[in-house]
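Read the structure below first, then the notes.
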Amino acid sequence: MQRNNYIYTFIYDNTQRELCKLESRCIFDKEEKNKLLFSDKKVEPSSSAFIRKRLEISLFSEDYSSLIKEIKNKNIRIDGFKVEYLILDGDTTKYAERLEKLREIGYSIDGDPEYYKPIITYALCYYQSTWFFGTLVKNSFDWEKHKTKPYSYSNSINIDIAKALVNIAAKANKETKLLDACCGVGTIMLEACFAGNKIEGCDINWKVCRQARENLSHFNYTTNVYRSDIKDISDKYDAAIIDLPYNLFSCADDDTTSHIIESTGEIADRLIVVSISDIASLISKAELKILDSCSVSKKGKTNFARRIWVCEKNGSVVND
Ligand SMILES: C[S@@+](CC[C@H](N)C(=O)[O-])C[C@H]1O[C@@H](n2cnc3c(N)ncnc32)[C@H](O)[C@@H]1O
C-alpha cells in the first residue's frame with residue numbers, strides 16, 4: 001500500500017456527496033472514498049465543511065507490538081495529551097480491544113493525560129492490515145459562528161456550499177487571488193476570510209454591498225467589497241466564484257447571465273459558476289471550457305438543486 005503523510009476522514013450526507021467529491025478532487029487531486037482519503041497534502045480540516053479529522057502519520061506497522069515499541073522508542077514527554085481511536089472503513093476491532101490499545105499507548109507516553117481540553121491529541125487507527133499512529137487535528141466547526149451574521153437572505157448560499165466553492169476555486173492554495181463576482185451579503189467571502197484565503201467581492205446592488213461589509217466587519221475580517229457591475233471591474237484575479245442571480249431579487253435571463261459570465265471571464269482565468277438552471281451552453285458561448293461539475297440538492301427539497309461548474313478559459317494555464 002502507498003504510504004502518505006496524512007489520513008483524512010470526511011462527514012457529509014447524501015445531498016452533499018457530489019459536492020464533497022468535487023471539493024476533494026480540487027483540493028487533493030483525487031476523490032475521497034468511503035469518507036476516507038490518504039494524501040501528502042496538508043489541509044486544515046476547519047477550512048472545509050466536509051473534512052472531519054486529519055491524522056498526521058508519524059509511525060505505522062503491520063504488527064501492533066512493533067508499533068508500540070516504536071512509540072516507546074520515541075520517548076514522548078508531554079503533559080496534557082489525549083489518545084483517541086479513529087475508526088476507519090473496514091476496521092472491526094471491538095470496543096474493549098480498542099480501549100485496551102488506547103491505554104497501552106497512554107502508558108507509552110510520559111506525562112499527564114488531559115481528556116477534556118488536551119493540548120495535543122494522538123490517535124491510533126487500523127486500515128488494510130496496517131496500524132497507524134500520529135497526531136490528530138479535528139474540524140473545530142468554529143466557522144458555524146457565521147450562521148449568526150447580521151444580514152442574511154433566503155437566497156444566500158448555505159455555508160457548506162460556500163466553503164466548498166472557496167476550496168474548489170483556490171485548490172487549497174492560500175496565495176490564490178479570489179473574487180466573489182456577485183457577492184450578495186458576503187456568505188462566500190466570510191468562509192474565504194475564515195480559512196485565510198485572499199478574496200474581494202463585487203455586487204451591483206449598493207444595499208447588499210453595505211450589508212456584506214457589515215457582515216465582514218462583524219467578524220473582524222478586512223477586505224474590499226466593490227459596489228459595481230462586474231463589467232466595470234478591471235483588476236485581475238486567479239479565480240472567481242459566481243453565484244448567479246436566481247430571478248428572486250434580481251434579473252436572471254440569458255442576457256444577464258451571459259453578461260456576468262463573460263465579464264468575469266475577462267478578469268479571471270478560472271471560474272466557478274453556480275446556478276439553479278442549466279447554463280452549460282452559455283458557459284461555452286463565453287469561450288470557457290467546463291472541466292468538472294456537480295449538483296447539490298437542498299435537504300428535504302429534492303426538486304431544488306444548484307449546479308456548480310468548474311471552468312477555465314480555453315487555452316489558459318492556471319497555477320496550483
Ligand atoms: C444569488 S445572489 C448572490 C448571493 C450571495 N452568494 C450571498 O450568499 O449572499 C446574486 C447577486 O448577483 C448580483 N448581481 C446581479 N447582476 C450583477 C452584475 N452585473 N454585477 C455584479 N453583481 C450582480 C445581485 O445583486 C445579487 O446580489
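Just so we're on the same page: first chain in the C-alpha cells is A, next is B, and so on; residues restart at 1 for each chain, and ligands are numbered from 1 in the order they show up.
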Determine, for each residue of chain A having at least one atom at most 8 Å from an atom of ligand 1, the closest pair of atoms and their separation in Å to one decimal, counting only C-alpha atoms and all ligand atoms; order by chain and ascending number, as JSON lines.
```
{"residue": "A:Ser152", "atom": "CA", "partner": "ligand 1", "partner_atom_place_in_ligand_line": "9 (O)", "distance": 6.8}
{"residue": "A:Tyr153", "atom": "CA", "partner": "ligand 1", "partner_atom_place_in_ligand_line": "9 (O)", "distance": 6.6}
{"residue": "A:Asn155", "atom": "CA", "partner": "ligand 1", "partner_atom_place_in_ligand_line": "1 (C)", "distance": 5.9}
{"residue": "A:Ser156", "atom": "CA", "partner": "ligand 1", "partner_atom_place_in_ligand_line": "8 (O)", "distance": 3.4}
{"residue": "A:Ile157", "atom": "CA", "partner": "ligand 1", "partner_atom_place_in_ligand_line": "8 (O)", "distance": 4.3}
{"residue": "A:Asn158", "atom": "CA", "partner": "ligand 1", "partner_atom_place_in_ligand_line": "8 (O)", "distance": 7.2}
{"residue": "A:Ala162", "atom": "CA", "partner": "ligand 1", "partner_atom_place_in_ligand_line": "8 (O)", "distance": 7.8}
{"residue": "A:Asp180", "atom": "CA", "partner": "ligand 1", "partner_atom_place_in_ligand_line": "6 (N)", "distance": 8.0}
{"residue": "A:Ala181", "atom": "CA", "partner": "ligand 1", "partner_atom_place_in_ligand_line": "21 (C)", "distance": 6.0}
{"residue": "A:Cys182", "atom": "CA", "partner": "ligand 1", "partner_atom_place_in_ligand_line": "12 (O)", "distance": 4.0}
{"residue": "A:Cys183", "atom": "CA", "partner": "ligand 1", "partner_atom_place_in_ligand_line": "5 (C)", "distance": 4.8}
{"residue": "A:Gly184", "atom": "CA", "partner": "ligand 1", "partner_atom_place_in_ligand_line": "9 (O)", "distance": 3.6}
{"residue": "A:Val185", "atom": "CA", "partner": "ligand 1", "partner_atom_place_in_ligand_line": "9 (O)", "distance": 4.0}
{"residue": "A:Gly186", "atom": "CA", "partner": "ligand 1", "partner_atom_place_in_ligand_line": "9 (O)", "distance": 5.2}
{"residue": "A:Thr187", "atom": "CA", "partner": "ligand 1", "partner_atom_place_in_ligand_line": "8 (O)", "distance": 4.3}
{"residue": "A:Ile188", "atom": "CA", "partner": "ligand 1", "partner_atom_place_in_ligand_line": "6 (N)", "distance": 6.2}
{"residue": "A:Cys202", "atom": "CA", "partner": "ligand 1", "partner_atom_place_in_ligand_line": "21 (C)", "distance": 5.8}
{"residue": "A:Asp203", "atom": "CA", "partner": "ligand 1", "partner_atom_place_in_ligand_line": "22 (N)", "distance": 3.7}
{"residue": "A:Ile204", "atom": "CA", "partner": "ligand 1", "partner_atom_place_in_ligand_line": "22 (N)", "distance": 4.2}
{"residue": "A:Asn205", "atom": "CA", "partner": "ligand 1", "partner_atom_place_in_ligand_line": "25 (O)", "distance": 4.6}
{"residue": "A:Val208", "atom": "CA", "partner": "ligand 1", "partner_atom_place_in_ligand_line": "27 (O)", "distance": 6.3}
{"residue": "A:Ala212", "atom": "CA", "partner": "ligand 1", "partner_atom_place_in_ligand_line": "9 (O)", "distance": 7.8}
{"residue": "A:Arg227", "atom": "CA", "partner": "ligand 1", "partner_atom_place_in_ligand_line": "21 (C)", "distance": 7.9}
{"residue": "A:Ser228", "atom": "CA", "partner": "ligand 1", "partner_atom_place_in_ligand_line": "21 (C)", "distance": 6.0}
{"residue": "A:Asp229", "atom": "CA", "partner": "ligand 1", "partner_atom_place_in_ligand_line": "20 (N)", "distance": 3.7}
{"residue": "A:Ile230", "atom": "CA", "partner": "ligand 1", "partner_atom_place_in_ligand_line": "20 (N)", "distance": 3.9}
{"residue": "A:Lys231", "atom": "CA", "partner": "ligand 1", "partner_atom_place_in_ligand_line": "19 (N)", "distance": 6.7}
{"residue": "A:Ile242", "atom": "CA", "partner": "ligand 1", "partner_atom_place_in_ligand_line": "6 (N)", "distance": 7.7}
{"residue": "A:Asp243", "atom": "CA", "partner": "ligand 1", "partner_atom_place_in_ligand_line": "6 (N)", "distance": 5.1}
{"residue": "A:Leu244", "atom": "CA", "partner": "ligand 1", "partner_atom_place_in_ligand_line": "10 (C)", "distance": 4.9}
{"residue": "A:Pro245", "atom": "CA", "partner": "ligand 1", "partner_atom_place_in_ligand_line": "10 (C)", "distance": 3.8}
{"residue": "A:Tyr246", "atom": "CA", "partner": "ligand 1", "partner_atom_place_in_ligand_line": "1 (C)", "distance": 5.5}
{"residue": "A:Phe249", "atom": "CA", "partner": "ligand 1", "partner_atom_place_in_ligand_line": "26 (C)", "distance": 7.2}
{"residue": "A:Ser250", "atom": "CA", "partner": "ligand 1", "partner_atom_place_in_ligand_line": "24 (C)", "distance": 5.7}
{"residue": "A:Cys251", "atom": "CA", "partner": "ligand 1", "partner_atom_place_in_ligand_line": "15 (C)", "distance": 7.0}
{"residue": "A:Ala252", "atom": "CA", "partner": "ligand 1", "partner_atom_place_in_ligand_line": "15 (C)", "distance": 7.8}
{"residue": "A:Thr256", "atom": "CA", "partner": "ligand 1", "partner_atom_place_in_ligand_line": "16 (N)", "distance": 6.9}
{"residue": "A:His259", "atom": "CA", "partner": "ligand 1", "partner_atom_place_in_ligand_line": "19 (N)", "distance": 6.9}
{"residue": "A:Ile260", "atom": "CA", "partner": "ligand 1", "partner_atom_place_in_ligand_line": "19 (N)", "distance": 5.4}
```
Exercise. Run DSSP on the backbone and give me the residues of stretch 105-261 of chain A it puts in strand (DSSP E or B), as a VMD selection string.
Key: chain A and resid 110 113 120 to 127 130 to 138 177 to 180 198 to 203 225 to 227 237 to 243
Please extract the residues of stretch 42-198 of chain A with a backbone DSSP assignment of alpha helix (DSSP H) and present them as a short mmCIF file (atom, residue, chain, number, x, y, z; two decimals) with N, CA and C atoms, in the first residue's frame.
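This went into selection-v3.cif:
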```cif
data_model
loop_
_atom_site.label_atom_id
_atom_site.label_comp_id
_atom_site.auth_asym_id
_atom_site.auth_seq_id
_atom_site.Cartn_x
_atom_site.Cartn_y
_atom_site.Cartn_z
N TYR A 64 1.18 -4.79 15.53
CA TYR A 64 0.80 -3.84 16.58
C TYR A 64 1.88 -3.70 17.65
N SER A 65 2.50 -4.86 18.09
CA SER A 65 3.51 -4.74 19.16
C SER A 65 4.74 -3.98 18.68
N SER A 66 5.08 -4.11 17.40
CA SER A 66 6.23 -3.31 16.88
C SER A 66 5.89 -1.83 16.93
N LEU A 67 4.63 -1.50 16.63
CA LEU A 67 4.22 -0.08 16.67
C LEU A 67 4.37 0.46 18.09
N ILE A 68 3.92 -0.32 19.09
CA ILE A 68 4.02 0.11 20.49
C ILE A 68 5.50 0.33 20.86
N LYS A 69 6.37 -0.59 20.41
CA LYS A 69 7.81 -0.45 20.70
C LYS A 69 8.33 0.85 20.11
N GLU A 70 7.91 1.12 18.88
CA GLU A 70 8.38 2.35 18.22
C GLU A 70 7.87 3.60 18.94
N ILE A 71 6.62 3.53 19.44
CA ILE A 71 6.08 4.69 20.19
C ILE A 71 6.94 4.91 21.44
N LYS A 72 7.27 3.79 22.14
CA LYS A 72 8.09 3.91 23.36
C LYS A 72 9.46 4.47 23.02
N ASN A 73 10.02 4.02 21.88
CA ASN A 73 11.36 4.49 21.46
C ASN A 73 11.38 5.99 21.18
N TYR A 95 -14.80 -2.79 20.80
CA TYR A 95 -14.67 -1.64 21.72
C TYR A 95 -13.66 -1.92 22.84
N ALA A 96 -13.79 -3.10 23.50
CA ALA A 96 -12.91 -3.41 24.63
C ALA A 96 -11.44 -3.44 24.18
N GLU A 97 -11.21 -4.03 23.00
CA GLU A 97 -9.82 -4.10 22.49
C GLU A 97 -9.30 -2.70 22.15
N ARG A 98 -10.19 -1.88 21.61
CA ARG A 98 -9.78 -0.51 21.26
C ARG A 98 -9.35 0.24 22.53
N LEU A 99 -10.17 0.08 23.59
CA LEU A 99 -9.85 0.75 24.88
C LEU A 99 -8.51 0.28 25.42
N GLU A 100 -8.29 -1.04 25.35
CA GLU A 100 -7.05 -1.63 25.85
C GLU A 100 -5.84 -1.05 25.10
N LYS A 101 -6.00 -0.92 23.79
CA LYS A 101 -4.90 -0.40 22.96
C LYS A 101 -4.63 1.07 23.31
N LEU A 102 -5.69 1.84 23.55
CA LEU A 102 -5.51 3.25 23.90
C LEU A 102 -4.77 3.37 25.23
N ARG A 103 -5.14 2.48 26.18
CA ARG A 103 -4.49 2.50 27.50
C ARG A 103 -3.00 2.22 27.33
N GLU A 104 -2.68 1.24 26.47
CA GLU A 104 -1.28 0.85 26.25
C GLU A 104 -0.48 2.02 25.67
N ILE A 105 -1.10 2.73 24.75
CA ILE A 105 -0.40 3.88 24.15
C ILE A 105 -0.23 4.98 25.20
N GLY A 106 -1.30 5.20 26.00
CA GLY A 106 -1.23 6.21 27.07
C GLY A 106 -0.05 5.93 28.01
N TYR A 107 0.14 4.64 28.34
CA TYR A 107 1.25 4.28 29.24
C TYR A 107 2.61 4.38 28.54
N ILE A 159 -23.69 27.74 4.06
CA ILE A 159 -22.29 27.80 4.50
C ILE A 159 -21.44 26.64 3.96
N ASP A 160 -22.01 25.42 3.95
CA ASP A 160 -21.24 24.25 3.49
C ASP A 160 -20.86 24.43 2.02
N ILE A 161 -21.83 24.91 1.21
CA ILE A 161 -21.55 25.12 -0.21
C ILE A 161 -20.53 26.25 -0.36
N ALA A 162 -20.70 27.32 0.44
CA ALA A 162 -19.78 28.46 0.36
C ALA A 162 -18.34 28.01 0.61
N LYS A 163 -18.12 27.18 1.62
CA LYS A 163 -16.77 26.71 1.94
C LYS A 163 -16.21 25.87 0.79
N ALA A 164 -17.08 25.00 0.24
CA ALA A 164 -16.62 24.15 -0.86
C ALA A 164 -16.24 25.00 -2.07
N LEU A 165 -17.03 26.05 -2.35
CA LEU A 165 -16.75 26.90 -3.52
C LEU A 165 -15.37 27.56 -3.39
N VAL A 166 -15.03 27.98 -2.18
CA VAL A 166 -13.71 28.60 -1.95
C VAL A 166 -12.61 27.58 -2.23
N ASN A 167 -12.78 26.36 -1.73
CA ASN A 167 -11.76 25.33 -1.93
C ASN A 167 -11.65 24.89 -3.39
N ILE A 168 -12.80 24.84 -4.07
CA ILE A 168 -12.81 24.45 -5.48
C ILE A 168 -12.11 25.53 -6.30
N ALA A 169 -12.33 26.80 -5.93
CA ALA A 169 -11.72 27.91 -6.67
C ALA A 169 -10.22 27.99 -6.40
N ALA A 170 -9.83 27.89 -5.12
CA ALA A 170 -8.42 28.13 -4.74
C ALA A 170 -7.57 26.87 -4.78
N THR A 187 -21.65 35.79 1.98
CA THR A 187 -21.58 34.45 2.60
C THR A 187 -20.30 33.71 2.21
N ILE A 188 -19.95 33.76 0.93
CA ILE A 188 -18.76 33.05 0.44
C ILE A 188 -17.49 33.76 0.95
N MET A 189 -17.54 35.09 0.97
CA MET A 189 -16.37 35.86 1.43
C MET A 189 -16.03 35.54 2.89
N LEU A 190 -17.06 35.38 3.73
CA LEU A 190 -16.82 35.07 5.15
C LEU A 190 -16.02 33.77 5.28
N GLU A 191 -16.40 32.76 4.48
CA GLU A 191 -15.71 31.47 4.57
C GLU A 191 -14.29 31.55 4.05
N ALA A 192 -14.08 32.35 2.99
CA ALA A 192 -12.72 32.52 2.45
C ALA A 192 -11.85 33.23 3.50
N CYS A 193 -12.39 34.27 4.12
CA CYS A 193 -11.62 35.02 5.13
C CYS A 193 -11.30 34.13 6.32
N PHE A 194 -12.26 33.34 6.77
CA PHE A 194 -12.05 32.44 7.91
C PHE A 194 -10.88 31.48 7.63
#
```
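All residues of protein, DNA or RNA that reach within 8 Å of A:Gly265, judged by only C-alpha atoms and not counting those fewer than 5 positions away in the chain, are Arg270, Leu271, Ala286, Leu288 and Lys313 of chain A.
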Quiz prompt | Contacts of A:Ile87 at 12 Å (only C-alpha atoms; same-chain gap of 4+ positions) as a ChimeraX atom specification | solution = /A:7-9,35-36,53,55,91-95,98,123-127,131-132
Practice problem: With a distance cut-off of 7 Å and only C-alpha atoms, select the neighbouring residues of A:Asp79, excluding the residue or stretch itself and same-chain residues fewer than 4 positions from it, and output the selection as a VMD selection string. | Solution: chain A and resid 111 to 113
Quiz item: Hey, what's within 9 Å of A:Leu282 if we count only C-alpha atoms and toss same-chain stuff fewer than 2 positions away? As number ranges by chain, please?
Solution: A: 254, 257-258, 261, 278-280, 284-287
For the residues in that selection, give me N, CA and C atoms as a compact mmCIF listing (two decimals), in the first residue's frame.
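Saved file part-v5.txt follows:
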```txt
# COMPACT_ATOMS: atom_id res chain seq x y z
N ASP A 254 -31.12 35.02 -19.86
CA ASP A 254 -29.88 34.56 -20.51
C ASP A 254 -28.91 35.70 -20.77
N THR A 257 -27.17 36.59 -17.51
CA THR A 257 -26.24 35.52 -17.15
C THR A 257 -25.00 35.57 -18.03
N SER A 258 -25.20 35.71 -19.35
CA SER A 258 -24.05 35.78 -20.27
C SER A 258 -23.18 36.99 -19.95
N ILE A 261 -21.11 36.19 -16.82
CA ILE A 261 -20.07 35.17 -17.04
C ILE A 261 -18.97 35.74 -17.95
N ASP A 278 -29.80 25.15 -16.10
CA ASP A 278 -28.70 24.60 -16.90
C ASP A 278 -28.16 25.69 -17.83
N ILE A 279 -26.97 26.17 -17.51
CA ILE A 279 -26.41 27.28 -18.29
C ILE A 279 -25.14 26.84 -19.02
N ALA A 280 -24.99 25.50 -19.22
CA ALA A 280 -23.78 24.97 -19.86
C ALA A 280 -23.55 25.63 -21.22
N SER A 284 -20.21 27.79 -22.57
CA SER A 284 -19.45 27.51 -23.81
C SER A 284 -19.44 28.75 -24.69
N LYS A 285 -20.57 29.46 -24.76
CA LYS A 285 -20.66 30.68 -25.57
C LYS A 285 -19.64 31.73 -25.11
N ALA A 286 -19.32 31.68 -23.80
CA ALA A 286 -18.34 32.63 -23.25
C ALA A 286 -16.91 32.15 -23.48
N GLU A 287 -16.75 31.10 -24.31
CA GLU A 287 -15.45 30.51 -24.64
C GLU A 287 -14.71 30.01 -23.41
```
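Going from atom CA of A:Pro118 over to atom CA of A:Phe141, you cover 17.1 Å.
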Quiz item: What does the distance from atom CA of A:Arg17 to atom CA of A:Ala239 come to in Å, to one decimal?
Solution: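 Straight-line distance from atom CA of A:Arg17 to atom CA of A:Ala239 works out to 23.8 Å.
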Quiz item: To one decimal place, how far is atom CA of A:Ile119 from atom CA of A:Asn139 in Å?
Solution: 15.1 Å
